[in-house]
Each structure stands twice: as structure tokens, then as C-alpha cells.
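Below: one structure, written as C-alpha cells.
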Amino acid sequence: MAFPYNLEVDFEDGAIGFDAETDSQGILDIAHYRTLIGSPPYEPPFRGAYCARIDLSGHTGTTTATLQHNDLDMAADTTRFIRWHMYVSNLVMAASDRFQIFSIRATDTEHVIVEI
């Protein structure tokens, strides 16, 4: 049986695992569970020893952190399944704010967007 996934990133080598990273203010890192359980909210990764972490504490405005993968076949006639585990703690936003979690883009056009 063939490997069923087109892409799997688990951060277990402590590295980003994507083709590109944009982090304008140093808020994105790959954290080890010892780091995560040593400070509030004291939560370990869902699985494994590492996870991607975005720390927005102390940052305001249009802080940006993105991970990009360039080689997925997302043609209109394909079906893809995407999942991830996410933990959100102490996120405070105004009623009109948007926080983008995930998007699928073709050039500059966003076809799928997941936001809070």
C-alpha cells in the first residue's frame, strides 16, 4: 500500500519542515515539550516532543508569521484532507478582528481560508 499522505509535518526533528517561513517579529518557533510545560498555560504537544508555537503575547498590530509549502497538487479535480491539532490560550481580540489559521492559495488567490 502506498503512503496515504501527500505531506506530513510533525516537527520531531525540531525544524520547521516547510519550504518557507515568514516571521516578521520572531513569534514563531518549534518548541520542545519541556519549554511548553515550563510556562503558562503548561500544555505539552498533542503528540510527540515538539510543536509549532506562535506567541502573540506582547505583540500588537499586524504581526505576521507564516509557513509555506509549495508542492501540493491542489488542482480543482482533486480531493485533499487536511488536519492539525491546535491549542489556543488567552487569545483576546476585538469583535471585528480576524486571525487566519490556514489558507490554500494559487498564486495570489486564496481558495480556502480557516480563520478565527
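Chain identifiers are assigned as A, B, and so on, following the order in which chains appear in the C-alpha cells; residues are numbered from 1 within each chain, and ligands are numbered from 1 in order of appearance.
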
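Within segment 16-110 of chain A, DSSP applied to the backbone places the following residues in strand (DSSP E or B): Ala20, Glu21, Thr22, Asp23, Leu28, Asp29, Ile30, Ala31, His32, Tyr50, Cys51, Ala52, Arg53, Ile54, Ala65, Thr66, Leu67, Gln68, Gln100, Ile101, Phe102, Ser103, Ile104, Arg105, Ala106, Thr109 and Glu110 of chain A.
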
From a DSSP pass on the backbone, collect the residues of chain A flagged as alpha helix (DSSP H) and hand them back as a PyMOL selection string. chain A and resi 33-36

Using N, CA, C and O atoms, can you write the selected residues to a file as a short mmCIF file (atom, residue, chain, number, x, y, z; two decimals), in the first residue's frame?
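Output contents, as saved in result_26.cif:
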data_model
loop_
_atom_site.label_atom_id
_atom_site.label_comp_id
_atom_site.auth_asym_id
_atom_site.auth_seq_id
_atom_site.Cartn_x
_atom_site.Cartn_y
_atom_site.Cartn_z
N TYR A 33 8.66 20.04 24.41
CA TYR A 33 7.66 19.94 25.48
C TYR A 33 8.17 20.47 26.81
O TYR A 33 7.41 21.03 27.59
N ARG A 34 9.46 20.35 27.09
CA ARG A 34 9.99 20.88 28.35
C ARG A 34 9.84 22.40 28.42
O ARG A 34 9.60 22.97 29.48
N THR A 35 9.98 23.06 27.27
CA THR A 35 9.76 24.51 27.22
C THR A 35 8.29 24.84 27.44
O THR A 35 7.95 25.76 28.17
N LEU A 36 7.41 24.06 26.81
CA LEU A 36 5.98 24.34 26.88
C LEU A 36 5.39 24.11 28.26
O LEU A 36 4.55 24.87 28.72
#

Need to verify the contact set: Ala75 of chain A, 12 Å, only C-alpha atoms, exclusion of same-chain residues closer than 2 positions in sequence. Can you return it as a PyMOL selection string? chain A and resi 71-73+77-80+104-106+111

Include N, CA, C and O atoms and write out the residues we just selected as a compact mmCIF listing (two decimals), in the first residue's frame.
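Written output follows (selection-v9.txt):
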# COMPACT_ATOMS: atom_id res chain seq x y z
N ASP A 71 4.53 22.47 -2.94
CA ASP A 71 4.41 21.36 -3.89
C ASP A 71 3.20 20.47 -3.72
O ASP A 71 3.27 19.29 -4.05
N LEU A 72 2.09 20.94 -3.25
CA LEU A 72 0.91 20.10 -3.14
C LEU A 72 0.07 20.21 -4.40
O LEU A 72 -0.16 21.31 -4.90
N ASP A 73 -0.40 19.08 -4.92
CA ASP A 73 -1.29 19.08 -6.08
C ASP A 73 -2.69 19.41 -5.59
O ASP A 73 -3.37 18.58 -5.02
N ASP A 77 -9.86 19.26 -9.64
CA ASP A 77 -10.49 17.95 -9.67
C ASP A 77 -9.88 16.96 -8.66
O ASP A 77 -10.07 15.76 -8.79
N THR A 78 -9.17 17.44 -7.68
CA THR A 78 -8.58 16.57 -6.66
C THR A 78 -9.30 16.75 -5.33
O THR A 78 -9.94 17.75 -5.08
N THR A 79 -9.17 15.74 -4.49
CA THR A 79 -9.71 15.80 -3.13
C THR A 79 -8.54 15.66 -2.17
O THR A 79 -7.73 14.75 -2.31
N ARG A 80 -8.44 16.56 -1.22
CA ARG A 80 -7.38 16.51 -0.22
C ARG A 80 -8.01 16.65 1.15
O ARG A 80 -9.00 17.37 1.33
N ILE A 104 -5.22 27.99 1.60
CA ILE A 104 -4.70 27.36 0.38
C ILE A 104 -4.77 28.42 -0.70
O ILE A 104 -5.83 28.99 -0.96
N ARG A 105 -3.63 28.68 -1.33
CA ARG A 105 -3.54 29.74 -2.33
C ARG A 105 -3.02 29.18 -3.65
O ARG A 105 -2.17 28.30 -3.67
N ALA A 106 -3.50 29.76 -4.73
CA ALA A 106 -2.93 29.54 -6.06
C ALA A 106 -2.47 30.91 -6.51
O ALA A 106 -3.29 31.82 -6.68
N HIS A 111 -8.06 30.23 -2.01
CA HIS A 111 -9.20 29.37 -2.34
C HIS A 111 -9.86 28.80 -1.09
O HIS A 111 -11.05 28.52 -1.10

Would you mind listing what lies within 9 Å of segment 20-32 of chain A as JSON, numbers by chain, with only C-alpha atoms counted and same-chain residues fewer than 3 positions away left out? {"A": [11, 14, 15, 16, 17, 35, 36, 37, 44, 45, 49, 50, 51, 52, 53, 54, 55, 56, 57, 59, 63, 64, 65, 66, 67, 68, 69, 70]}

All residues 8 Å or closer to Glu115 of chain A, only C-alpha atoms, same chain fewer than 5 positions away omitted, as a PyMOL selection string: chain A and resi 98-102
